Structures are given as C-alpha cells and as structure tokens.
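Containing compact mmCIF, C-alpha atoms: upload_32.txt.
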# COMPACT_ATOMS: atom_id res chain seq x y z
CA MET A 1 -36.01 25.11 -15.48
CA LYS A 2 -39.48 26.48 -16.25
CA GLN A 3 -38.27 29.00 -18.83
CA LYS A 4 -39.04 27.76 -22.32
CA ASP A 5 -36.00 29.47 -23.83
CA THR A 6 -33.56 27.71 -21.48
CA PRO A 7 -31.47 25.27 -23.55
CA VAL A 8 -32.20 21.59 -23.01
CA LEU A 9 -28.52 20.91 -22.22
CA ALA A 10 -28.66 23.45 -19.37
CA LYS A 11 -31.72 21.70 -17.95
CA ILE A 12 -30.03 18.30 -18.20
CA VAL A 13 -26.88 19.58 -16.48
CA GLY A 14 -29.02 21.12 -13.74
CA MET A 15 -30.85 17.85 -13.19
CA LEU A 16 -27.52 16.01 -13.08
CA ALA A 17 -26.25 18.41 -10.41
CA VAL A 18 -29.31 17.85 -8.24
CA ALA A 19 -29.28 14.09 -8.83
CA TYR A 20 -25.59 13.82 -7.95
CA ALA A 21 -26.03 15.95 -4.83
CA LEU A 22 -28.92 13.80 -3.60
CA SER A 23 -27.59 10.45 -4.80
CA PRO A 24 -26.14 8.06 -2.24
CA VAL A 25 -23.73 6.84 -4.93
CA ASP A 26 -20.57 8.96 -5.38
CA LEU A 27 -17.49 8.65 -7.53
CA ILE A 28 -15.44 8.51 -4.33
CA PRO A 29 -17.28 6.95 -1.37
CA ASP A 30 -17.90 9.32 1.55
CA PHE A 31 -16.33 6.97 4.11
CA ILE A 32 -12.86 7.70 2.66
CA PRO A 33 -11.55 10.59 4.80
CA VAL A 34 -11.40 13.98 3.06
CA LEU A 35 -11.52 12.56 -0.49
CA GLY A 36 -15.03 11.25 0.05
CA TYR A 37 -16.41 14.75 0.50
CA LEU A 38 -14.00 16.39 -1.92
CA ASP A 39 -15.85 15.02 -4.94
CA ASP A 40 -19.10 16.54 -3.63
CA LEU A 41 -17.37 19.86 -3.07
CA LEU A 42 -15.94 19.89 -6.60
CA ILE A 43 -18.40 18.11 -8.88
CA VAL A 44 -21.67 19.70 -7.76
CA PRO A 45 -20.39 23.33 -7.94
CA ALA A 46 -18.73 22.57 -11.29
CA LEU A 47 -22.02 21.26 -12.70
CA ILE A 48 -23.88 24.30 -11.37
CA ALA A 49 -21.30 26.69 -12.86
CA TRP A 50 -21.56 24.87 -16.19
CA MET A 51 -25.35 25.07 -16.12
CA ILE A 52 -25.23 28.82 -15.41
CA ARG A 53 -22.87 29.33 -18.38
CA LEU A 54 -25.29 27.43 -20.63
CA VAL A 55 -28.26 29.65 -19.74
CA PRO A 56 -28.54 32.70 -22.03
CA PRO A 57 -27.88 36.06 -20.29
CA ALA A 58 -31.38 37.35 -21.13
CA VAL A 59 -32.98 34.35 -19.40
CA MET A 60 -30.74 34.77 -16.32
CA ARG A 61 -31.58 38.48 -16.14
CA ARG A 62 -35.31 37.77 -16.36
CA CYS A 63 -35.11 35.06 -13.67
CA ARG A 64 -33.12 37.32 -11.35
CA GLU A 65 -35.73 40.05 -11.75
CA GLN A 66 -38.48 37.56 -10.88
CA ALA A 67 -36.52 36.34 -7.86
CA GLN A 68 -36.03 39.91 -6.60
CA GLY A 69 -39.78 40.35 -6.32
CA MET A 70 -40.33 37.18 -4.28
CA TRP A 71 -39.67 38.76 -0.87
CA GLN A 72 -41.29 42.15 -1.45
CA ASP A 73 -44.46 41.24 0.45
CA GLY A 74 -42.58 39.76 3.40
CA ARG A 75 -42.38 36.13 2.34
CA PRO A 76 -42.42 34.11 -0.89
CA LYS A 77 -45.77 33.12 -2.32
CA LYS A 78 -45.08 29.41 -1.93
CA TRP A 79 -43.24 29.49 1.42
CA TYR A 80 -45.07 26.35 2.49
CA TYR A 81 -42.89 24.31 0.09
CA ALA A 82 -40.22 24.54 2.81
CA LEU A 83 -42.42 22.75 5.35
CA PRO A 84 -41.49 19.16 4.36
CA VAL A 85 -37.81 20.04 4.63
CA LEU A 86 -38.31 21.69 8.03
CA ILE A 87 -40.33 18.73 9.26
CA LEU A 88 -37.66 16.31 8.04
CA TRP A 89 -34.92 18.26 9.86
CA ALA A 90 -37.04 18.43 13.01
CA LEU A 91 -37.53 14.65 12.90
CA ILE A 92 -33.80 14.07 12.38
CA LEU A 93 -32.94 16.36 15.30
CA TRP A 94 -35.56 14.69 17.50
CA TRP A 95 -34.20 11.25 16.54
CA LEU A 96 -30.62 12.33 17.34
CA TRP A 97 -31.78 13.77 20.66
CA GLN A 98 -33.45 10.46 21.50
CA ILE A 99 -30.31 8.52 20.65
CA PHE A 100 -27.84 10.66 22.54
CA HIS A 101 -30.06 11.70 25.43
CA HIS A 102 -31.00 8.16 26.49

Whole structure given in structure tokens:
Amino acid sequence: MKQKDTPVLAKIVGMLAVAYALSPVDLIPDFIPVLGYLDDLLIVPALIAWMIRLVPPAVMRRCREQAQGMWQDGRPKKWYYALPVLILWALILWWLWQIFHH
C-alpha cells in the first residue's frame, strides 16, 4: 500500500478486503450454519487474489525482497505493533476464562 507505483485500484481492492474481513456486516449472516462463514472463506481470498493480480510484478518483487530482510536481525523492526493484538487476545482469553471458570 505504501508503494507509489501500486495502482490505485489495487489499493482500493486491498482496503475492501480488509474492511470486509473486519466488518460485522456480511452478505450472508454468520448465524446461518455453514453458509454464514462460506462467504468469508470465498470473498476475502478472492479480493486478495484480485489485488495481487493488480499489483505489477516489479512492485511485488521489490516488496518480497524488503519482506525477506525483516527477520534477518532476529525480529522485525516494528514488532511492537503486534502488542495491541496480543493484549486484545489476552483480554478475550481472560474474559472467557472468567465466564467458564466461575
């Protein structure tokens, strides 16, 4: 998304994929058995595949080379970005433990 030579359409499709994955609103509601999750399993990967096809090969190659170097020093430079996610999961697990333990 940060690459200037990435087409705007690829960026829009990528944002749509993330928004759909995080959105509580689905085409088929999740409470419908099997079908509710099937749209998530089909639409999000389809949007990601489409986005990848829209990105020029030279940009993908350059991004893959940059990604390869992220773990050379043992951990990514901005590893602390994962902390909010880890804290959220820890709180969810603690909350579930409180519910089912008591």

Notebook entry, point to check: What does the distance from CA of Arg53 in chain A to CA of Val18 in chain A come to in Å, to one decimal?
Noted result: 16.6 Å

Checklist line | Residue nearest Ala46 in chain A - candidates A:Ala17, A:Met60, A:Leu9, A:Ile92, atoms counted: only C-alpha atoms | finding: A:Ala17

Next item on the list: For each of A:Leu91, A:Leu83, A:Leu16, A:Leu22, take the minimum atom-to-atom distance to Ile48 in chain A, counting all atoms listed in the file, then give the residue where this is smallest.
Entry: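 Of A:Leu91, A:Leu83, A:Leu16, A:Leu22, the one nearest Ile48 in chain A, counting all atoms listed in the file, is A:Leu16.
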
Notebook entry, point to check: Taking into account all atoms listed in the file, which residue in the set A:Ala21, A:Gln3, A:Val44, A:Tyr37 is nearest to Gln66 in chain A?
Noted result: A:Gln3

Next item on the list: Write out as a ChimeraX atom specification which residues come within 12 Å of range 55-59 of chain A when counting all atoms listed in the file, dropping same-chain ones fewer than 3 positions away.
Entry: /A:1-14,48-52,62-66

Checklist line | Interatomic distance, CA of Trp97 in chain A to CA of Phe31 in chain A (Å, one decimal) | finding: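 One can read the CA of Trp97 in chain A to CA of Phe31 in chain A distance as 23.6 Å.
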
Next item on the list: Report the distance between CA of Leu96 in chain A and CA of Ala19 in chain A in Å, rounded to one decimal place.
Entry: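 We find that CA of Leu96 in chain A and CA of Ala19 in chain A lie 26.3 Å from each other.
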
Checklist line | Who sits within 10 Å of Leu27 in chain A, only C-alpha atoms, same chain under 5 positions skipped, as number ranges by chain | finding: A: 20, 36, 39-40, 43
